[in-house]
>>> print(open('work-v1.json').read())   # JSON, C-alpha atoms
[["chain", "number", "residue", "atom", "x", "y", "z"],
["A", 1, "MET", "CA", -50.66, 39.14, -29.30],
["A", 2, "LYS", "CA", -48.06, 36.44, -28.68],
["A", 3, "ASP", "CA", -45.44, 35.72, -31.31],
["A", 4, "LYS", "CA", -43.46, 32.61, -30.49],
["A", 5, "SER", "CA", -41.49, 32.99, -33.73],
["A", 6, "ARG", "CA", -39.55, 35.83, -32.12],
["A", 7, "TYR", "CA", -37.46, 33.19, -30.33],
["A", 8, "THR", "CA", -34.97, 30.67, -31.55],
["A", 9, "THR", "CA", -32.83, 27.88, -30.16],
["A", 10, "ILE", "CA", -29.14, 28.31, -29.42],
["A", 11, "SER", "CA", -26.91, 25.40, -28.47],
["A", 12, "ILE", "CA", -24.54, 25.66, -25.54],
["A", 13, "PRO", "CA", -22.23, 23.05, -24.00],
["A", 14, "VAL", "CA", -23.99, 20.73, -21.56],
["A", 15, "GLN", "CA", -21.38, 21.43, -18.89],
["A", 16, "LEU", "CA", -21.99, 25.16, -19.16],
["A", 17, "ASN", "CA", -25.71, 24.56, -18.91],
["A", 18, "GLU", "CA", -25.19, 22.58, -15.70],
["A", 19, "LYS", "CA", -23.00, 25.32, -14.25],
["A", 20, "MET", "CA", -25.64, 27.92, -15.02],
["A", 21, "LYS", "CA", -28.31, 25.77, -13.39],
["A", 22, "LYS", "CA", -26.30, 25.90, -10.19],
["A", 23, "LYS", "CA", -25.59, 29.61, -10.58],
["A", 24, "ILE", "CA", -29.28, 30.54, -10.73],
["A", 25, "GLU", "CA", -30.23, 28.49, -7.68],
["A", 26, "GLY", "CA", -31.77, 30.76, -5.09],
["A", 27, "THR", "CA", -32.08, 33.65, -7.54],
["A", 28, "GLY", "CA", -35.12, 35.06, -9.26],
["A", 29, "PHE", "CA", -34.27, 33.28, -12.49],
["A", 30, "ASN", "CA", -36.55, 30.30, -13.00],
["A", 31, "SER", "CA", -34.69, 28.81, -15.97],
["A", 32, "VAL", "CA", -31.32, 28.82, -17.67],
["A", 33, "SER", "CA", -32.96, 30.39, -20.72],
["A", 34, "SER", "CA", -34.13, 33.34, -18.63],
["A", 35, "PHE", "CA", -30.66, 33.79, -17.23],
["A", 36, "VAL", "CA", -28.98, 33.56, -20.65],
["A", 37, "ILE", "CA", -31.38, 36.10, -22.15],
["A", 38, "TYR", "CA", -30.73, 38.41, -19.21],
["A", 39, "VAL", "CA", -26.94, 38.13, -19.50],
["A", 40, "LEU", "CA", -26.90, 38.57, -23.26],
["A", 41, "ARG", "CA", -29.20, 41.54, -23.10],
["A", 42, "GLN", "CA", -26.96, 43.20, -20.55],
["A", 43, "LEU", "CA", -23.95, 42.44, -22.70],
["A", 44, "VAL", "CA", -25.51, 43.94, -25.80],
["A", 45, "SER", "CA", -27.06, 47.09, -24.42],
["A", 46, "GLY", "CA", -28.68, 46.81, -21.04],
["A", 47, "SER", "CA", -26.22, 47.76, -18.35],
["A", 48, "PRO", "CA", -25.40, 51.40, -17.72],
["A", 49, "GLU", "CA", -21.69, 50.66, -17.75],
["A", 50, "ASN", "CA", -21.98, 49.44, -21.31],
["A", 51, "ALA", "CA", -24.49, 52.01, -22.42],
["A", 52, "LYS", "CA", -23.35, 54.55, -24.93],
["A", 53, "GLY", "CA", -21.74, 57.47, -23.21],
["A", 54, "PHE", "CA", -21.79, 56.12, -19.65],
["A", 55, "THR", "CA", -18.19, 56.52, -18.65],
["A", 56, "LYS", "CA", -16.30, 56.57, -15.37],
["A", 57, "GLU", "CA", -16.63, 60.33, -15.51],
["A", 58, "ASP", "CA", -20.41, 59.97, -15.82],
["A", 59, "GLU", "CA", -20.41, 57.62, -12.86],
["A", 60, "LYS", "CA", -18.59, 60.26, -10.85],
["A", 61, "LYS", "CA", -21.24, 62.80, -11.82],
["A", 62, "VAL", "CA", -24.01, 60.42, -10.76],
["A", 63, "ARG", "CA", -22.20, 59.85, -7.48],
["A", 64, "ASP", "CA", -21.86, 63.60, -6.91],
["A", 65, "ARG", "CA", -25.54, 64.12, -7.59],
["A", 66, "LEU", "CA", -26.55, 61.33, -5.24],
["A", 67, "LYS", "CA", -24.36, 62.99, -2.65],
["A", 68, "ARG", "CA", -26.10, 66.33, -3.16],
["A", 69, "LEU", "CA", -29.42, 64.65, -2.50],
["A", 70, "GLY", "CA", -28.13, 62.82, 0.55],
["A", 71, "TYR", "CA", -28.04, 59.27, -0.81],
["A", 72, "LEU", "CA", -24.29, 59.17, -0.16],
["B", 1, "MET", "CA", -51.69, 48.99, -21.67],
["B", 2, "LEU", "CA", -49.78, 51.97, -20.33],
["B", 3, "VAL", "CA", -48.27, 52.16, -16.86],
["B", 4, "ILE", "CA", -47.19, 55.68, -15.99],
["B", 5, "GLY", "CA", -45.12, 56.16, -12.85],
["B", 6, "LEU", "CA", -45.04, 59.49, -11.03],
["B", 7, "ASP", "CA", -42.24, 59.09, -8.50],
["B", 8, "GLY", "CA", -43.39, 60.40, -5.14],
["B", 9, "ALA", "CA", -46.80, 61.68, -6.26],
["B", 10, "THR", "CA", -49.21, 62.25, -3.39],
["B", 11, "TRP", "CA", -52.92, 62.93, -3.01],
["B", 12, "ASP", "CA", -51.91, 65.66, -0.56],
["B", 13, "ILE", "CA", -50.84, 67.75, -3.55],
["B", 14, "ILE", "CA", -53.21, 66.39, -6.19],
["B", 15, "ASN", "CA", -56.52, 66.70, -4.33],
["B", 16, "PRO", "CA", -56.31, 70.33, -3.17],
["B", 17, "ASN", "CA", -54.97, 71.40, -6.58],
["B", 18, "ILE", "CA", -57.19, 69.28, -8.79],
["B", 19, "ALA", "CA", -58.57, 72.35, -10.60],
["B", 20, "ARG", "CA", -55.07, 72.96, -11.95],
["B", 21, "LEU", "CA", -54.65, 69.32, -12.97],
["B", 22, "PRO", "CA", -57.42, 68.77, -15.54],
["B", 23, "ASN", "CA", -56.05, 65.57, -17.04],
["B", 24, "LEU", "CA", -55.60, 63.82, -13.72],
["B", 25, "GLY", "CA", -58.92, 65.30, -12.63],
["B", 26, "LYS", "CA", -60.69, 63.86, -15.65],
["B", 27, "LEU", "CA", -59.29, 60.40, -14.98],
["B", 28, "ILE", "CA", -60.13, 60.58, -11.29],
["B", 29, "SER", "CA", -63.70, 61.65, -12.02],
["B", 30, "GLN", "CA", -64.27, 58.75, -14.40],
["B", 31, "PHE", "CA", -62.18, 55.86, -13.13],
["B", 32, "ASP", "CA", -61.02, 54.02, -10.05],
["B", 33, "HIS", "CA", -58.47, 55.78, -7.88],
["B", 34, "TYR", "CA", -57.12, 54.87, -4.49],
["B", 35, "THR", "CA", -54.25, 54.96, -2.03],
["B", 36, "ILE", "CA", -51.56, 52.31, -1.83],
["B", 37, "SER", "CA", -50.48, 52.29, 1.83],
["B", 38, "LEU", "CA", -47.04, 50.73, 1.78],
["B", 39, "LYS", "CA", -46.10, 48.15, 4.36],
["B", 40, "GLN", "CA", -42.53, 48.19, 3.10],
["B", 41, "LYS", "CA", -40.20, 51.13, 3.55],
["B", 42, "PRO", "CA", -41.12, 53.96, 1.16],
["B", 43, "TRP", "CA", -37.77, 53.86, -0.57],
["B", 44, "SER", "CA", -37.81, 54.32, -4.34],
["B", 45, "ALA", "CA", -35.16, 51.80, -5.36],
["B", 46, "SER", "CA", -36.76, 49.04, -3.34],
["B", 47, "VAL", "CA", -40.39, 49.87, -4.12],
["B", 48, "TRP", "CA", -39.93, 50.19, -7.88],
["B", 49, "CYS", "CA", -38.09, 46.87, -7.76],
["B", 50, "SER", "CA", -41.01, 45.28, -5.92],
["B", 51, "LEU", "CA", -43.58, 46.81, -8.26],
["B", 52, "PHE", "CA", -42.01, 45.28, -11.34],
["B", 53, "SER", "CA", -40.47, 42.09, -9.94],
["B", 54, "GLY", "CA", -43.33, 40.96, -7.70],
["B", 55, "LYS", "CA", -40.88, 40.36, -4.89],
["B", 56, "THR", "CA", -40.76, 41.89, -1.44],
["B", 57, "PRO", "CA", -37.60, 43.69, -0.27],
["B", 58, "GLU", "CA", -36.70, 40.60, 1.74],
["B", 59, "GLU", "CA", -36.89, 38.56, -1.44],
["B", 60, "HIS", "CA", -35.21, 40.86, -3.96],
["B", 61, "GLN", "CA", -32.67, 42.32, -1.51],
["B", 62, "HIS", "CA", -32.34, 45.47, -3.61],
["B", 63, "LEU", "CA", -32.68, 48.03, -0.87],
["B", 64, "ASP", "CA", -30.98, 51.14, -2.16],
["B", 65, "PHE", "CA", -29.35, 52.84, -5.13],
["B", 66, "VAL", "CA", -25.98, 52.41, -3.44],
["B", 67, "LYS", "CA", -24.70, 49.40, -1.55],
["B", 68, "ASP", "CA", -21.36, 49.37, 0.26],
["B", 69, "GLY", "CA", -20.39, 52.52, -1.60],
["B", 70, "LYS", "CA", -21.13, 50.99, -5.02],
["B", 71, "ILE", "CA", -23.81, 52.39, -7.29],
["B", 72, "GLN", "CA", -26.09, 49.47, -8.01],
["B", 73, "THR", "CA", -26.71, 48.43, -11.62],
["B", 74, "ARG", "CA", -29.15, 46.04, -13.28],
["B", 75, "ASP", "CA", -26.55, 43.33, -12.88],
["B", 76, "ASP", "CA", -26.70, 43.70, -9.11],
["B", 77, "VAL", "CA", -30.45, 43.10, -8.98],
["B", 78, "LYS", "CA", -30.93, 39.36, -9.15],
["B", 79, "VAL", "CA", -34.52, 39.18, -10.28],
["B", 80, "GLU", "CA", -36.54, 38.90, -13.44],
["B", 81, "PHE", "CA", -38.78, 41.83, -14.09],
["B", 82, "ILE", "CA", -42.19, 41.78, -15.70],
["B", 83, "TRP", "CA", -40.69, 43.08, -18.95],
["B", 84, "ASP", "CA", -38.17, 40.24, -19.03],
["B", 85, "ILE", "CA", -40.91, 37.66, -18.61],
["B", 86, "LEU", "CA", -43.47, 39.15, -20.96],
["B", 87, "ASP", "CA", -40.87, 39.83, -23.63],
["B", 88, "LYS", "CA", -39.75, 36.24, -23.44],
["B", 89, "SER", "CA", -43.32, 35.11, -24.03],
["B", 90, "GLY", "CA", -43.46, 37.10, -27.23],
["B", 91, "LEU", "CA", -45.18, 40.27, -26.12],
["B", 92, "ASN", "CA", -44.03, 43.70, -27.21],
["B", 93, "VAL", "CA", -42.92, 45.34, -23.96],
["B", 94, "LYS", "CA", -41.00, 48.56, -23.44],
["B", 95, "ALA", "CA", -39.88, 50.19, -20.21],
["B", 96, "LEU", "CA", -38.64, 53.77, -20.01],
["B", 97, "ASN", "CA", -36.74, 55.48, -17.21],
["B", 98, "ILE", "CA", -37.48, 53.00, -14.42],
["B", 99, "PRO", "CA", -35.77, 54.31, -11.26],
["B", 100, "PHE", "CA", -34.96, 51.19, -9.30],
["B", 101, "ILE", "CA", -31.37, 52.07, -10.21],
["B", 102, "VAL", "CA", -29.61, 55.26, -11.27],
["B", 103, "PRO", "CA", -29.39, 56.14, -14.06],
["B", 104, "PRO", "CA", -32.91, 54.75, -14.48],
["B", 105, "TYR", "CA", -33.30, 51.52, -16.42],
["B", 106, "ASN", "CA", -34.63, 51.14, -19.96],
["B", 107, "PHE", "CA", -35.85, 48.00, -21.66],
["B", 108, "ASN", "CA", -36.15, 47.58, -25.44],
["B", 109, "LEU", "CA", -35.41, 51.23, -26.05],
["B", 110, "GLU", "CA", -32.68, 53.83, -25.67],
["B", 111, "PHE", "CA", -33.06, 56.95, -23.59],
["B", 112, "ASP", "CA", -30.59, 59.58, -22.45],
["B", 113, "PRO", "CA", -31.98, 61.08, -19.23],
["B", 114, "PRO", "CA", -31.17, 64.66, -18.19],
["B", 115, "GLY", "CA", -28.78, 65.18, -15.31],
["B", 116, "HIS", "CA", -27.23, 61.75, -15.79],
["B", 117, "GLY", "CA", -30.45, 60.23, -14.48],
["B", 118, "VAL", "CA", -30.34, 62.23, -11.27],
["B", 119, "PRO", "CA", -31.78, 65.62, -12.30],
["B", 120, "ILE", "CA", -31.30, 68.37, -9.74],
["B", 121, "THR", "CA", -31.28, 71.78, -11.44],
["B", 122, "GLN", "CA", -34.63, 73.25, -12.41],
["B", 123, "GLU", "CA", -33.64, 73.03, -16.06],
["B", 124, "GLU", "CA", -32.94, 69.31, -15.69],
["B", 125, "LEU", "CA", -36.08, 68.69, -13.66],
["B", 126, "ASN", "CA", -38.20, 70.35, -16.33],
["B", 127, "ALA", "CA", -36.30, 68.64, -19.11],
["B", 128, "GLU", "CA", -37.18, 65.22, -17.80],
["B", 129, "ILE", "CA", -40.89, 65.90, -18.25],
["B", 130, "ASP", "CA", -40.32, 66.96, -21.85],
["B", 131, "LEU", "CA", -37.95, 64.14, -22.75],
["B", 132, "VAL", "CA", -39.98, 61.32, -21.19],
["B", 133, "THR", "CA", -43.16, 62.65, -22.78],
["B", 134, "LYS", "CA", -41.56, 63.02, -26.21],
["B", 135, "LYS", "CA", -40.12, 59.52, -26.01],
["B", 136, "VAL", "CA", -43.45, 57.97, -25.06],
["B", 137, "LEU", "CA", -45.35, 59.83, -27.76],
["B", 138, "ASN", "CA", -42.68, 58.94, -30.30],
["B", 139, "ILE", "CA", -43.03, 55.25, -29.46],
["B", 140, "LEU", "CA", -46.82, 55.42, -29.59],
["B", 141, "SER", "CA", -46.72, 57.16, -32.96],
["B", 142, "GLN", "CA", -44.83, 54.24, -34.44],
["B", 143, "GLU", "CA", -46.28, 51.20, -32.69],
["B", 144, "LYS", "CA", -48.63, 50.06, -29.98],
["B", 145, "PRO", "CA", -46.72, 47.96, -27.47],
["B", 146, "ASP", "CA", -48.68, 45.40, -25.49],
["B", 147, "LEU", "CA", -47.22, 47.05, -22.41],
["B", 148, "LEU", "CA", -45.44, 50.38, -22.19],
["B", 149, "ILE", "CA", -44.10, 51.49, -18.82],
["B", 150, "ALA", "CA", -42.67, 54.98, -18.29],
["B", 151, "VAL", "CA", -41.71, 56.83, -15.13],
["B", 152, "TYR", "CA", -41.39, 60.53, -14.44],
["B", 153, "THR", "CA", -38.68, 60.31, -11.79],
["B", 154, "ALA", "CA", -37.87, 63.97, -11.25],
["B", 155, "LEU", "CA", -41.05, 64.64, -9.28],
["B", 156, "ASP", "CA", -39.30, 62.91, -6.38],
["B", 157, "LYS", "CA", -36.31, 65.24, -6.55],
["B", 158, "MET", "CA", -38.59, 68.23, -7.00],
["B", 159, "SER", "CA", -40.55, 67.21, -3.90],
["B", 160, "HIS", "CA", -37.41, 66.74, -1.82],
["B", 161, "LEU", "CA", -36.06, 70.13, -2.81],
["B", 162, "HIS", "CA", -39.25, 72.22, -3.06],
["B", 163, "TRP", "CA", -41.85, 70.74, -0.72],
["B", 164, "GLY", "CA", -44.21, 73.46, 0.50],
["B", 165, "GLU", "CA", -43.30, 75.84, -2.33],
["B", 166, "PRO", "CA", -45.55, 76.98, -5.20],
["B", 167, "ALA", "CA", -42.92, 75.64, -7.59],
["B", 168, "LEU", "CA", -43.93, 72.09, -6.69],
["B", 169, "ILE", "CA", -47.56, 72.72, -7.63],
["B", 170, "ASP", "CA", -46.36, 74.23, -10.89],
["B", 171, "TYR", "CA", -44.38, 71.06, -11.51],
["B", 172, "TYR", "CA", -47.43, 68.86, -10.95],
["B", 173, "GLU", "CA", -49.22, 71.11, -13.44],
["B", 174, "LYS", "CA", -46.45, 70.56, -16.02],
["B", 175, "ILE", "CA", -46.73, 66.81, -15.59],
["B", 176, "ASP", "CA", -50.50, 66.95, -15.91],
["B", 177, "GLN", "CA", -50.22, 68.84, -19.18],
["B", 178, "ALA", "CA", -47.58, 66.43, -20.44],
["B", 179, "ILE", "CA", -49.50, 63.24, -19.75],
["B", 180, "GLY", "CA", -52.74, 64.49, -21.33],
["B", 181, "PRO", "CA", -52.10, 63.11, -24.81],
["B", 182, "ILE", "CA", -50.52, 59.98, -23.37],
["B", 183, "ILE", "CA", -53.45, 58.93, -21.23],
["B", 184, "ASP", "CA", -55.86, 59.61, -24.10],
["B", 185, "SER", "CA", -53.91, 57.29, -26.37],
["B", 186, "ASP", "CA", -54.84, 54.00, -24.69],
["B", 187, "ASP", "CA", -57.97, 52.46, -23.23],
["B", 188, "GLN", "CA", -56.02, 50.98, -20.36],
["B", 189, "VAL", "CA", -53.87, 53.31, -18.31],
["B", 190, "LEU", "CA", -52.50, 52.91, -14.82],
["B", 191, "ILE", "CA", -50.93, 55.90, -13.11],
["B", 192, "LEU", "CA", -49.17, 55.23, -9.84],
["B", 193, "SER", "CA", -46.49, 56.43, -7.49],
["B", 194, "ASP", "CA", -43.99, 54.43, -5.48],
["B", 195, "HIS", "CA", -44.64, 56.42, -2.31],
["B", 196, "GLY", "CA", -46.14, 59.70, -1.25],
["B", 197, "PHE", "CA", -44.50, 62.80, 0.15],
["B", 198, "THR", "CA", -44.84, 65.14, 3.08],
["B", 199, "ASP", "CA", -42.84, 67.86, 4.74],
["B", 200, "TYR", "CA", -39.54, 66.65, 6.08],
["B", 201, "ASP", "CA", -40.30, 66.95, 9.77],
["B", 202, "SER", "CA", -43.70, 65.23, 9.44],
["B", 203, "ALA", "CA", -42.42, 62.23, 7.50],
["B", 204, "PRO", "CA", -42.99, 58.98, 9.43],
["B", 205, "ILE", "CA", -39.59, 57.83, 8.20],
["B", 206, "GLN", "CA", -36.77, 60.13, 7.21],
["B", 207, "THR", "CA", -35.28, 58.45, 4.16],
["B", 208, "LEU", "CA", -32.56, 61.06, 3.69],
["B", 209, "PRO", "CA", -30.68, 63.46, 5.97],
["B", 210, "LYS", "CA", -32.26, 66.91, 6.24],
["B", 211, "ILE", "CA", -28.94, 68.52, 5.42],
["B", 212, "THR", "CA", -27.05, 66.60, 2.77],
["B", 213, "ALA", "CA", -23.30, 66.08, 2.66],
["B", 214, "THR", "CA", -22.98, 69.09, 0.39],
["B", 215, "GLY", "CA", -25.12, 71.35, 2.58],
["B", 216, "ASN", "CA", -28.38, 71.23, 0.62],
["B", 217, "GLU", "CA", -31.49, 71.36, 2.80],
["B", 218, "LEU", "CA", -34.20, 68.87, 1.91],
["B", 219, "LYS", "CA", -37.70, 70.19, 2.55],
["B", 220, "GLY", "CA", -39.73, 67.08, 1.89],
["B", 221, "ASP", "CA", -39.44, 63.38, 2.52],
["B", 222, "HIS", "CA", -41.26, 60.19, 1.69],
["B", 223, "HIS", "CA", -44.65, 59.13, 3.01],
["B", 224, "PRO", "CA", -45.93, 55.53, 2.80],
["B", 225, "ASP", "CA", -49.19, 56.52, 1.07],
["B", 226, "ALA", "CA", -48.75, 56.21, -2.70],
["B", 227, "ILE", "CA", -51.37, 56.93, -5.37],
["B", 228, "ALA", "CA", -53.07, 54.81, -8.01],
["B", 229, "ILE", "CA", -55.42, 55.92, -10.79],
["B", 230, "ALA", "CA", -56.69, 53.02, -12.85],
["B", 231, "LYS", "CA", -58.37, 53.48, -16.24],
["B", 232, "ASN", "CA", -59.85, 50.11, -17.13],
["B", 233, "ILE", "CA", -57.20, 48.17, -15.21],
["B", 234, "PRO", "CA", -58.57, 44.75, -14.23],
["B", 235, "PHE", "CA", -56.68, 44.38, -10.98],
["B", 236, "LYS", "CA", -56.11, 46.39, -7.83],
["B", 237, "ILE", "CA", -52.84, 47.20, -6.12],
["B", 238, "THR", "CA", -52.77, 47.08, -2.34],
["B", 239, "GLN", "CA", -49.02, 46.50, -2.11],
["B", 240, "PRO", "CA", -46.25, 46.96, -4.71],
["B", 241, "ILE", "CA", -45.96, 43.26, -5.60],
["B", 242, "ASP", "CA", -49.59, 43.36, -6.74],
["B", 243, "LEU", "CA", -48.62, 45.32, -9.85],
["B", 244, "PHE", "CA", -46.33, 42.56, -11.09],
["B", 245, "ASN", "CA", -48.89, 39.90, -10.22],
["B", 246, "GLY", "CA", -51.70, 41.83, -11.86],
["B", 247, "LEU", "CA", -49.75, 42.38, -15.07],
["B", 248, "TYR", "CA", -48.53, 38.79, -15.06],
["B", 249, "ASN", "CA", -52.01, 37.37, -14.71],
["B", 250, "TYR", "CA", -53.55, 39.84, -17.14],
["B", 251, "PHE", "CA", -51.17, 38.90, -19.88],
["B", 252, "ASN", "CA", -52.01, 35.27, -19.21],
["B", 253, "GLN", "CA", -48.59, 33.91, -18.58],
["B", 254, "GLY", "CA", -49.75, 30.79, -16.79],
["B", 255, "LYS", "CA", -48.34, 29.82, -13.45],
["B", 256, "LYS", "CA", -45.76, 32.04, -11.87]]
>>> encode(input="work-v1.json", output="structure tokens")
Amino acid sequence: MKDKSRYTTISIPVQLNEKMKKKIEGTGFNSVSSFVIYVLRQLVSGSPENAKGFTKEDEKKVRDRLKRLGYL
Amino acid sequence: MLVIGLDGATWDIINPNIARLPNLGKLISQFDHYTISLKQKPWSASVWCSLFSGKTPEEHQHLDFVKDGKIQTRDDVKVEFIWDILDKSGLNVKALNIPFIVPPYNFNLEFDPPGHGVPITQEELNAEIDLVTKKVLNILSQEKPDLLIAVYTALDKMSHLHWGEPALIDYYEKIDQAIGPIIDSDDQVLILSDHGFTDYDSAPIQTLPKITATGNELKGDHHPDAIAIAKNIPFKITQPIDLFNGLYNYFNQGKK
């Protein structure tokens, strides 16, 4: 079921690693690797702002709909 | 394993209408089913976040779809979810239409939800059933993920707008028909809701104003009793964080 070969090693500057260690303190991220995977995934495709077709106009439509339901 | 979310599903609709819901009825007659009585506020954004992060609202601090006027995104939710963790360990995990944010979140797949992720019109509400079902069946026709999570979110909107009307029972019936082939496709299926529903004036907590800013009247509101139907699921959920913990332990990820 597990497939460790799906992962690889990427080198980053030590200073950046130290900064990220501090950045994840007190968050739900339990390692720098977890945080890096999360950030990269968001950058590539994860966040709605970056998702195909999700524009400012779409955000306005979402906001209007939330308003209709009483969330705003 | 399949985890199917029915946002806002309640025994108060399912039980008296079970004859019209043969697929849910079949599962209920054969497998474990129970009520999850929430101790946390029955608020979808927060509860879905707890279900899949294993953190209480106090811990994850994601309390609503909107904070200080800003629509919250995945970036604003500072937790790792079960799909993040299991994927990292090498498992094949997919998550479809998870409504801890709007538009709902997807992991390892692409999905374009109707109504920009907040379906309101009847056409959009019906479309969500069709699109989520087609997406799930399409995935299952091509592969068998270790864990596939999918949520039918529009039942919540339908319940807000049509509580007490025959149209809501019809909607449950549509969902029941849709999930039939899905629940037959895996030996392990968990169906659950994030909260229940009741008529607006009887709700222990009013989560939304009865008359919205645009003049729409909401007829239903959230109830803290959610549902769970567990087909060969080796853990029980008494509170939302138990789902994360159960999945985590089941997939043998070692210490948390």
>>> interface_residues(input="work-v1.json", of="chain B", to="chain A", cutoff="9 Å", atoms="all atoms listed in the file", output="MDAnalysis selection string")
chainID B and resid 53 55 59:60 64:66 69 71 73:75 78:80 84:85 88:92 102:108 110 115:120 146 157 160:161 207:218
>>> residues_around(input="work-v1.json", residues="Leu168 in chain B", least_positions_apart="3", cutoff="12 Å", atoms="all atoms listed in the file", output="number ranges by chain")
B: 8-10, 12-14, 17, 122, 125-126, 154-165, 171-175, 197, 219-220
>>> residues_around(input="work-v1.json", residues="Met20 in chain A", least_positions_apart="5", cutoff="10 Å", atoms="all atoms listed in the file", output="PDB file with C-alpha atoms, in the coordinates of the input")
ATOM      1  CA  VAL A  14     -23.990  20.730 -21.560  1.00  0.00           C
ATOM      2  CA  GLN A  15     -21.380  21.430 -18.890  1.00  0.00           C
ATOM      3  CA  GLU A  25     -30.230  28.490  -7.680  1.00  0.00           C
ATOM      4  CA  SER A  31     -34.690  28.810 -15.970  1.00  0.00           C
ATOM      5  CA  VAL A  32     -31.320  28.820 -17.670  1.00  0.00           C
ATOM      6  CA  SER A  33     -32.960  30.390 -20.720  1.00  0.00           C
ATOM      7  CA  PHE A  35     -30.660  33.790 -17.230  1.00  0.00           C
ATOM      8  CA  VAL A  36     -28.980  33.560 -20.650  1.00  0.00           C
TER       9      VAL A  36
END
>>> atom_distance(input="work-v1.json", atom1="CA of Ile233 in chain B", atom2="CA of Asp32 in chain B")
8.7 Å
>>> residues_around(input="work-v1.json", residues="Ile139 in chain B", least_positions_apart="3", cutoff="12 Å", atoms="all atoms listed in the file", output="PDB file with C-alpha atoms, keeping the file's coordinate frame")
ATOM      1  CA  LEU B   2     -49.780  51.970 -20.330  1.00  0.00           C
ATOM      2  CA  ASN B  92     -44.030  43.700 -27.210  1.00  0.00           C
ATOM      3  CA  VAL B  93     -42.920  45.340 -23.960  1.00  0.00           C
ATOM      4  CA  LYS B  94     -41.000  48.560 -23.440  1.00  0.00           C
ATOM      5  CA  ALA B  95     -39.880  50.190 -20.210  1.00  0.00           C
ATOM      6  CA  LEU B  96     -38.640  53.770 -20.010  1.00  0.00           C
ATOM      7  CA  ASN B 108     -36.150  47.580 -25.440  1.00  0.00           C
ATOM      8  CA  LEU B 109     -35.410  51.230 -26.050  1.00  0.00           C
ATOM      9  CA  GLU B 110     -32.680  53.830 -25.670  1.00  0.00           C
ATOM     10  CA  PHE B 111     -33.060  56.950 -23.590  1.00  0.00           C
ATOM     11  CA  VAL B 132     -39.980  61.320 -21.190  1.00  0.00           C
ATOM     12  CA  THR B 133     -43.160  62.650 -22.780  1.00  0.00           C
ATOM     13  CA  LYS B 134     -41.560  63.020 -26.210  1.00  0.00           C
ATOM     14  CA  LYS B 135     -40.120  59.520 -26.010  1.00  0.00           C
ATOM     15  CA  VAL B 136     -43.450  57.970 -25.060  1.00  0.00           C
ATOM     16  CA  GLN B 142     -44.830  54.240 -34.440  1.00  0.00           C
ATOM     17  CA  GLU B 143     -46.280  51.200 -32.690  1.00  0.00           C
ATOM     18  CA  LYS B 144     -48.630  50.060 -29.980  1.00  0.00           C
ATOM     19  CA  PRO B 145     -46.720  47.960 -27.470  1.00  0.00           C
ATOM     20  CA  LEU B 147     -47.220  47.050 -22.410  1.00  0.00           C
ATOM     21  CA  LEU B 148     -45.440  50.380 -22.190  1.00  0.00           C
ATOM     22  CA  ILE B 149     -44.100  51.490 -18.820  1.00  0.00           C
ATOM     23  CA  ALA B 150     -42.670  54.980 -18.290  1.00  0.00           C
ATOM     24  CA  ILE B 182     -50.520  59.980 -23.370  1.00  0.00           C
ATOM     25  CA  SER B 185     -53.910  57.290 -26.370  1.00  0.00           C
TER      26      SER B 185
END
>>> residues_around(input="work-v1.json", residues="Leu243 in chain B", least_positions_apart="5", cutoff="8 Å", atoms="only C-alpha atoms", output="list in words")
Leu51, Phe52, Gly54, Lys236 and Ile237 of chain B
>>> closest_residue(input="work-v1.json", among="B:Asp221, B:Lys70, B:Ile183, B:Ile28", to="Lys60 in chain A", atoms="all atoms listed in the file")
B:Lys70
>>> atom_distance(input="work-v1.json", atom1="CA of Phe100 in chain B", atom2="CA of Glu58 in chain B")
15.4 Å
>>> atom_distance(input="work-v1.json", atom1="CA of Asp242 in chain B", atom2="CA of Asp184 in chain B")
24.6 Å
>>> build_atoms(input="work-v1.json", residues="range 175-182 of chain B", atoms="N, CA and C atoms", output="PDB file, keeping the file's coordinate frame")
ATOM      1  N   ILE B 175     -46.560  68.248 -15.347  1.00  0.00           N
ATOM      2  CA  ILE B 175     -46.730  66.810 -15.590  1.00  0.00           C
ATOM      3  C   ILE B 175     -48.133  66.524 -16.099  1.00  0.00           C
ATOM      4  N   ASP B 176     -49.114  67.159 -15.493  1.00  0.00           N
ATOM      5  CA  ASP B 176     -50.500  66.950 -15.910  1.00  0.00           C
ATOM      6  C   ASP B 176     -50.676  67.302 -17.383  1.00  0.00           C
ATOM      7  N   GLN B 177     -50.122  68.430 -17.773  1.00  0.00           N
ATOM      8  CA  GLN B 177     -50.220  68.840 -19.180  1.00  0.00           C
ATOM      9  C   GLN B 177     -49.518  67.831 -20.091  1.00  0.00           C
ATOM     10  N   ALA B 178     -48.379  67.347 -19.618  1.00  0.00           N
ATOM     11  CA  ALA B 178     -47.580  66.430 -20.440  1.00  0.00           C
ATOM     12  C   ALA B 178     -48.281  65.096 -20.667  1.00  0.00           C
ATOM     13  N   ILE B 179     -48.923  64.588 -19.633  1.00  0.00           N
ATOM     14  CA  ILE B 179     -49.500  63.240 -19.750  1.00  0.00           C
ATOM     15  C   ILE B 179     -50.860  63.245 -20.434  1.00  0.00           C
ATOM     16  N   GLY B 180     -51.427  64.430 -20.688  1.00  0.00           N
ATOM     17  CA  GLY B 180     -52.740  64.490 -21.330  1.00  0.00           C
ATOM     18  C   GLY B 180     -52.849  63.639 -22.580  1.00  0.00           C
ATOM     19  N   PRO B 181     -51.999  63.906 -23.583  1.00  0.00           N
ATOM     20  CA  PRO B 181     -52.100  63.110 -24.810  1.00  0.00           C
ATOM     21  C   PRO B 181     -51.716  61.650 -24.627  1.00  0.00           C
ATOM     22  N   ILE B 182     -50.914  61.372 -23.614  1.00  0.00           N
ATOM     23  CA  ILE B 182     -50.520  59.980 -23.370  1.00  0.00           C
ATOM     24  C   ILE B 182     -51.692  59.173 -22.843  1.00  0.00           C
TER      25      ILE B 182
END
